[in-house]
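K.L.:
First the structure, then my questions, so here it is.
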Amino acid sequence: MTVMEQRGAYRPTPPPAWQPRTDPAPLLPDAEPFRVLGTEAAAQADPELLRRLYAQLVLGRRYNAQATALTKQGRLAVYPSSTGQEACEVAAALALEDRDWLFPSYRDTLAVVARGVDPVEALTLLRGDWHTGYDPYEHRVAPLCTPLATQLPHAVGLAHAARLKGDDVVALAMVGDGGTSEGDFHEALNFAAVWQAPVVFFVQNNGFAISVPLAKQTAAPSLAHKAVGYGMPGRLVDGNDAAAVHEVLSEAVRRAREGGGPTLVEAVTYRIEAHTNADDATRYRGDAEVETWREHDPILLLERELTARGLLDDDARQTARDAAETMAADLRARMNQDPVLDPADLFAHVYAEDTPQLREQRALLRAELDAEQEGGH
Amino acid sequence: MTTVALKPATMAQALTRAMRDAMAADPSVHVLGEDVGTLGGVFRVTDGLAKEFGEDRCTDTPLAEAGILGTAVGMAMYGLRPVVEMQFDAFAYPAFEQLISHVARMRNRTRGRMPLPITIRVPYGGGIGGVEHHSDSSEAYYIATPGLHVVTPATVPDAYGLLRAAIASDDPVVFLEPKRLYWSKDTWNPEEPQTVDPIGRAVVRRPGRSATLITYGPSVPVCLEAAEAARAEGWDLEVVDLRSLVPFDDETVAASVRRTGRAVVVHESGSFGGPGGEIAARVTERCFHHLEAPVLRVAGFDIPYPPPMLERHHLPGVDRILDAVARLQWEAGN
């Protein structure tokens, strides 16, 4: 048979049917970050909620300032400040019910405190007397997580387990713009979407991963757009608009609780301070950029709204400031006390029971300490 | 009294049975991994579990090892007892950050408030003709990570007992399954009450007087074979099966070496930075005055795992073990 004859005999069959597995259009984020303050939507906002957010933002700003001051006094080893990001930190905590879980990253001590954790216990990691200072089960707050994005799959697993047990618990996991480049970000979002786990992924895009700007981090249209590839909705919100962040996160939490699955929320915000007290931000960004963001300050935005609506007078302002000063004074006083350290703790929680090898090492340390004490007398 | 006839069972079947019994006894036990559900795992070790307990209890996950272990951490935080399968030794490496930075230290980080009872099953080792990335002996990485227990069975009954103990443990356990022993058989009756020894006890697999072979997992049958062959040379070799690398049973190992006065550590893992160096040091520290010769190591070479057609030259075999035994300074000691 010639080639032409073969071709003549060829009957093309249609390829197996294909269709998109889900309609991508409803998953896409809005073209602009969602805003409430200074827009018509603000009139709908609950005055009580706005007042509560305001008090928490003022408290949060003071907390950041106090913690940064404690690094200068040598009372904290390091502090990654969330100054300028207080709206995100506070709204994350307030969007959750008591039974829900928060999975913070290392910059989120403020969210941890806003959730109800004792401020001193929240700072244990950064003081350096232990790693996690609080009981995660008391306020349902996972340990502050330093390795980037690695806490996201934990949130997925916990939310999945809760759903398997029939509990209507939601997990909210926090991560930064840099963290979205990590493999665990991808794996967590993929697992969550496949399992329809009740999780909210909350990205604070503060512009920088230490010194690296977002442009060197991703070529995506926005971080919220990444959601579409996983088959979950992406939401874009002004991260300095506390009312907007609270609304978007609450909506995502509600959706997750009702069985609607995970959401990726990107809050566009800005890290006003350097990465930590040990960082020098002048090496990678100019003052002009920082100033632009100072004018879009979360406290300022909320204050304007509250004042315009007659919801905030000088008394209320002073009350918020006084509460913040009381918190700061208490934190200062307690952090100025030396933590009580027990070297025996080193072996206390490695395993449920010491291995024979750890028993030997524990005895070795004990002998060293005894010798030290005898030498001291 | 009725006599139950013992039927031969494979190690793979004993492992399946251990998971099945654990799942039946405790609803918080969940199995997850790649292909563990519908297929029953590439080695069929989870065969039938999804059918019996449902896909929520034995779950086919997306293909992502960090995601598997990372979600298992979250499940354990919420009170479940996950048993995860890493499909092959070398496929577990993407999960190392979760393992090292979270699984191994969550109890410590939280002062004991958040223990993670996770069992991580890893088929490991060579000898099955696997192509690249399917035959690694990765135990050195695990035993160097504080906070993990690391165990490995060498017999069918131990496969059952150790896996039940691992799943029952409130600490994370890396459970290394010697994949070339999956199809090894033993007369084992799963209907009989099973012994579940605590993790951390070695066992003398073969008593002897001349020298001790200290080994574990896939090298145990090789050492037993070597011990039989050694009889022709006039050596009566003792074989100690460690079963648990962490915690390490110094007591059983040292007692054996004190009796025999000579020791060879045998494993597939490379010798430089491998478990044998630690074991030899521990034996020397404890038995120095009983030793007639330096503690020797017979291990895999310090090379990337070879292609299957060359692996027999890499794996410690009977001859290499006997050569090492011959070097134990017999003329000086006896």
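Residue numbering restarts at 1 in every chain; chains get A, B, ... in the order shown in the structure tokens, and ligands count up from 1 in that same order.
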Listing only residues of chain B within 8 Å of chain A, what is the closest atom pair and its distance in Å (to one decimal) for each, using only C-alpha atoms, sorted by chain and residue number ascending, as CSV?
P.N.:
```
residue,atom,partner,partner_atom,distance
B:Asp56,CA,A:Leu164,CA,7.4
B:Thr61,CA,A:Phe191,CA,7.7
B:Pro62,CA,A:Phe191,CA,6.7
B:Ala64,CA,A:Glu187,CA,6.7
B:Ala66,CA,A:Asp184,CA,6.9
B:Gly67,CA,A:Glu187,CA,5.3
B:Gly70,CA,A:Pro153,CA,4.8
B:Thr71,CA,A:Gly157,CA,3.8
B:Ala72,CA,A:Gly157,CA,5.9
B:Val73,CA,A:His154,CA,5.5
B:Gly74,CA,A:His154,CA,3.9
B:Met75,CA,A:Gly157,CA,4.7
B:Ala76,CA,A:Leu158,CA,7.5
B:Met77,CA,A:Leu158,CA,6.5
B:Tyr78,CA,A:Leu158,CA,5.6
B:Leu80,CA,A:Ala161,CA,7.2
B:Gln98,CA,A:Thr150,CA,6.9
B:Ser101,CA,A:Pro147,CA,7.6
B:Arg105,CA,A:Val350,CA,7.2
B:Arg107,CA,A:His349,CA,6.0
B:Asn108,CA,A:His349,CA,4.6
B:Arg109,CA,A:His131,CA,5.2
B:Thr110,CA,A:Thr132,CA,5.3
B:Arg111,CA,A:His349,CA,5.7
B:Gly112,CA,A:His349,CA,5.3
B:Arg113,CA,A:Asp135,CA,6.5
B:Met114,CA,A:Pro136,CA,7.5
B:Pro146,CA,A:Val350,CA,7.3
B:Gly147,CA,A:Val350,CA,5.3
B:Asp170,CA,A:Ala352,CA,6.8
B:Asp171,CA,A:Tyr351,CA,6.3
B:Val246,CA,A:Thr355,CA,7.9
B:Pro247,CA,A:Thr355,CA,5.5
B:Phe248,CA,A:Gln357,CA,7.5
B:Asp249,CA,A:Pro356,CA,7.9
```
K.L.:
Report as a JSON list (two decimals) with N, CA and C atoms, in the first residue's frame all protein, DNA and RNA residues lying within 8 Å of stretch 43-60 of chain A, evaluated on only C-alpha atoms, omitting residues in the same chain fewer than 6 positions from it.
P.N.:
```json
[["chain", "number", "residue", "atom", "x", "y", "z"],
["A", 86, "GLU", "N", -0.97, 46.72, 60.95],
["A", 86, "GLU", "CA", -1.82, 46.39, 62.09],
["A", 86, "GLU", "C", -3.24, 46.01, 61.67],
["A", 87, "ALA", "N", -3.72, 46.61, 60.58],
["A", 87, "ALA", "CA", -5.09, 46.30, 60.14],
["A", 87, "ALA", "C", -5.21, 44.82, 59.80],
["A", 90, "VAL", "N", -4.82, 42.60, 63.17],
["A", 90, "VAL", "CA", -5.99, 42.67, 64.04],
["A", 90, "VAL", "C", -7.20, 42.01, 63.38],
["A", 91, "ALA", "N", -7.41, 42.30, 62.11],
["A", 91, "ALA", "CA", -8.57, 41.75, 61.41],
["A", 91, "ALA", "C", -8.50, 40.23, 61.33],
["A", 110, "LEU", "N", 1.47, 40.18, 66.74],
["A", 110, "LEU", "CA", 0.34, 41.06, 67.06],
["A", 110, "LEU", "C", -0.99, 40.33, 66.86],
["A", 114, "ALA", "N", -3.74, 39.70, 69.64],
["A", 114, "ALA", "CA", -5.12, 40.12, 69.40],
["A", 114, "ALA", "C", -6.09, 38.94, 69.56],
["A", 242, "ALA", "N", -8.83, 48.49, 57.58],
["A", 242, "ALA", "CA", -9.18, 47.46, 58.55],
["A", 242, "ALA", "C", -10.59, 46.91, 58.32],
["A", 243, "ALA", "N", -11.51, 47.80, 57.95],
["A", 243, "ALA", "CA", -12.89, 47.35, 57.72],
["A", 243, "ALA", "C", -12.96, 46.41, 56.51],
["A", 298, "PRO", "N", -3.06, 52.69, 58.29],
["A", 298, "PRO", "CA", -4.32, 52.05, 58.69],
["A", 298, "PRO", "C", -5.06, 52.78, 59.82],
["A", 299, "ILE", "N", -4.32, 53.33, 60.78],
["A", 299, "ILE", "CA", -4.99, 54.04, 61.88],
["A", 299, "ILE", "C", -5.60, 55.35, 61.38],
["A", 302, "LEU", "N", -8.84, 54.80, 59.37],
["A", 302, "LEU", "CA", -9.98, 54.46, 60.21],
["A", 302, "LEU", "C", -10.42, 55.67, 61.04],
["A", 303, "GLU", "N", -9.45, 56.43, 61.50],
["A", 303, "GLU", "CA", -9.72, 57.62, 62.31],
["A", 303, "GLU", "C", -10.55, 58.62, 61.50],
["A", 306, "LEU", "N", -14.13, 57.30, 61.16],
["A", 306, "LEU", "CA", -14.86, 57.39, 62.43],
["A", 306, "LEU", "C", -15.19, 58.84, 62.77],
["A", 311, "LEU", "N", -18.24, 59.09, 65.11],
["A", 311, "LEU", "CA", -18.16, 57.91, 65.97],
["A", 311, "LEU", "C", -16.94, 57.95, 66.89],
["A", 312, "LEU", "N", -16.14, 59.00, 66.75],
["A", 312, "LEU", "CA", -14.92, 59.05, 67.56],
["A", 312, "LEU", "C", -14.69, 60.48, 68.04],
["A", 320, "ALA", "N", -8.57, 54.94, 74.03],
["A", 320, "ALA", "CA", -7.78, 53.97, 73.27],
["A", 320, "ALA", "C", -6.30, 54.13, 73.58],
["A", 321, "ARG", "N", -5.85, 55.38, 73.62],
["A", 321, "ARG", "CA", -4.43, 55.64, 73.91],
["A", 321, "ARG", "C", -4.06, 55.17, 75.32],
["A", 323, "ALA", "N", -5.47, 52.82, 77.10],
["A", 323, "ALA", "CA", -5.43, 51.35, 77.15],
["A", 323, "ALA", "C", -4.11, 50.85, 76.56],
["A", 324, "ALA", "N", -3.67, 51.49, 75.49],
["A", 324, "ALA", "CA", -2.42, 51.09, 74.84],
["A", 324, "ALA", "C", -1.23, 51.35, 75.78],
["A", 327, "MET", "N", -1.18, 48.73, 78.51],
["A", 327, "MET", "CA", -0.63, 47.47, 77.98],
["A", 327, "MET", "C", 0.89, 47.57, 77.87]]
```
K.L.:
Within 10 Å of stretch 330-341 of chain A, counting only C-alpha atoms, which residues qualify if same-chain residues fewer than 6 places away don't, as a list in words?
P.N.:
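The contact residues come out as Tyr63, Gln66, Ala67, Ala69, Leu70, Gln73, Gly74, Arg75, Leu76, Asp118, Pro119, Val120, Leu123, Thr124, Arg127, Gly128, Asp129, Trp130 and Ala324 of chain A.
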K.L.:
If we count only C-alpha atoms, what is near B:Val295 at a cut-off of 12 Å, once residues fewer than 6 positions away on the same chain are taken out, given as a PyMOL selection string?
P.N.:
chain B and resi 211-214+257+260-266+276-288+324-325+327-329
K.L.:
One decimal, in Å: what's the spacing between atom CA of A:Lys216 and atom CA of A:Tyr270?
P.N.:
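According to the coordinates, atom CA of A:Lys216 and atom CA of A:Tyr270 are separated by 16.3 Å.
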K.L.:
Mind the document's chain letters and residue numbers, and return as a list in words the residues of stretch 150-278 of chain A that DSSP labels strand (DSSP E or B).
P.N.:
Ala171, Leu172, Ala173, Met174, Val175, Gly176, Val199, Val200, Phe201, Phe202, Val203, Gln204, Asn205, Phe208, Ala209, Val212, Pro213, Gly234, Arg235, Leu236, Val237, Asp238, Thr263, Leu264, Val265, Glu266, Ala267 and Val268 of chain A
K.L.:
For a test of reading the model, state the distance in Å between atom CA of B:Thr10 and atom CA of B:Lys185, rounded to one decimal.
P.N.:
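Pair atom CA of B:Thr10 / atom CA of B:Lys185 returns 4.4 Å.
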K.L.:
Go ahead and compute the interatomic distance for atom CA of B:Pro198 and atom CA of B:Ala165, in Å to one decimal.
P.N.:
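Distance reported for this atom pair: 6.5 Å.
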K.L.:
Find the residues around A:Arg283 up to 12 Å (only C-alpha atoms counted), leave out those fewer than 6 positions away in its own chain, and share them as a PyMOL selection string.
P.N.:
chain A and resi 210-212+274-275
K.L.:
Restrict the selected residues to C-alpha atoms and save them as an mmCIF file, in the first residue's frame.
P.N.:
```cif
data_model
loop_
_atom_site.group_PDB
_atom_site.id
_atom_site.type_symbol
_atom_site.label_atom_id
_atom_site.label_comp_id
_atom_site.auth_asym_id
_atom_site.auth_seq_id
_atom_site.Cartn_x
_atom_site.Cartn_y
_atom_site.Cartn_z
ATOM 1 C CA ILE A 210 13.594 41.314 53.696
ATOM 2 C CA SER A 211 15.154 43.349 50.848
ATOM 3 C CA VAL A 212 13.683 41.671 47.780
ATOM 4 C CA ALA A 274 12.858 47.400 58.394
ATOM 5 C CA HIS A 275 12.554 43.596 58.244
#
```
K.L.:
Excluding A:Ala149 and any residue of its chain fewer than 4 positions from it, enumerate the residues within 8 Å of it, using only C-alpha atoms, and give them as number ranges by chain.
P.N.:
A: 105, 175, 179-180, 182, 184-185
K.L.:
Now that the selection is made, can you save its residues with N, CA and C atoms as a PDB file, in the first residue's frame?
P.N.:
```pdb
ATOM      1  N   SER A 105       2.744  33.459  61.133  1.00  0.00           N
ATOM      2  CA  SER A 105       4.162  33.414  60.794  1.00  0.00           C
ATOM      3  C   SER A 105       4.901  34.274  61.814  1.00  0.00           C
ATOM      4  N   VAL A 175       0.702  34.294  55.906  1.00  0.00           N
ATOM      5  CA  VAL A 175       1.987  34.150  55.201  1.00  0.00           C
ATOM      6  C   VAL A 175       2.295  35.477  54.516  1.00  0.00           C
ATOM      7  N   GLY A 179       6.793  34.337  51.172  1.00  0.00           N
ATOM      8  CA  GLY A 179       6.398  32.959  51.459  1.00  0.00           C
ATOM      9  C   GLY A 179       5.620  32.303  50.322  1.00  0.00           C
ATOM     10  N   THR A 180       5.006  33.121  49.463  1.00  0.00           N
ATOM     11  CA  THR A 180       4.227  32.525  48.367  1.00  0.00           C
ATOM     12  C   THR A 180       5.127  31.871  47.323  1.00  0.00           C
ATOM     13  N   GLU A 182       7.510  29.801  48.169  1.00  0.00           N
ATOM     14  CA  GLU A 182       7.931  28.515  48.720  1.00  0.00           C
ATOM     15  C   GLU A 182       7.069  27.372  48.194  1.00  0.00           C
ATOM     16  N   ASP A 184       5.930  24.875  49.877  1.00  0.00           N
ATOM     17  CA  ASP A 184       4.858  24.520  50.804  1.00  0.00           C
ATOM     18  C   ASP A 184       3.604  25.368  50.581  1.00  0.00           C
ATOM     19  N   PHE A 185       3.786  26.587  50.082  1.00  0.00           N
ATOM     20  CA  PHE A 185       2.618  27.412  49.732  1.00  0.00           C
ATOM     21  C   PHE A 185       1.808  26.700  48.658  1.00  0.00           C
TER      22      PHE A 185
END
```
K.L.:
Which residue out of B:Ala159, B:Gly200, B:Arg121, B:Ser210 has the minimum interatomic distance to B:Ala230 when only C-alpha atoms are used?
P.N.:
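With only C-alpha atoms as the atom set, the closest residue is B:Ser210.
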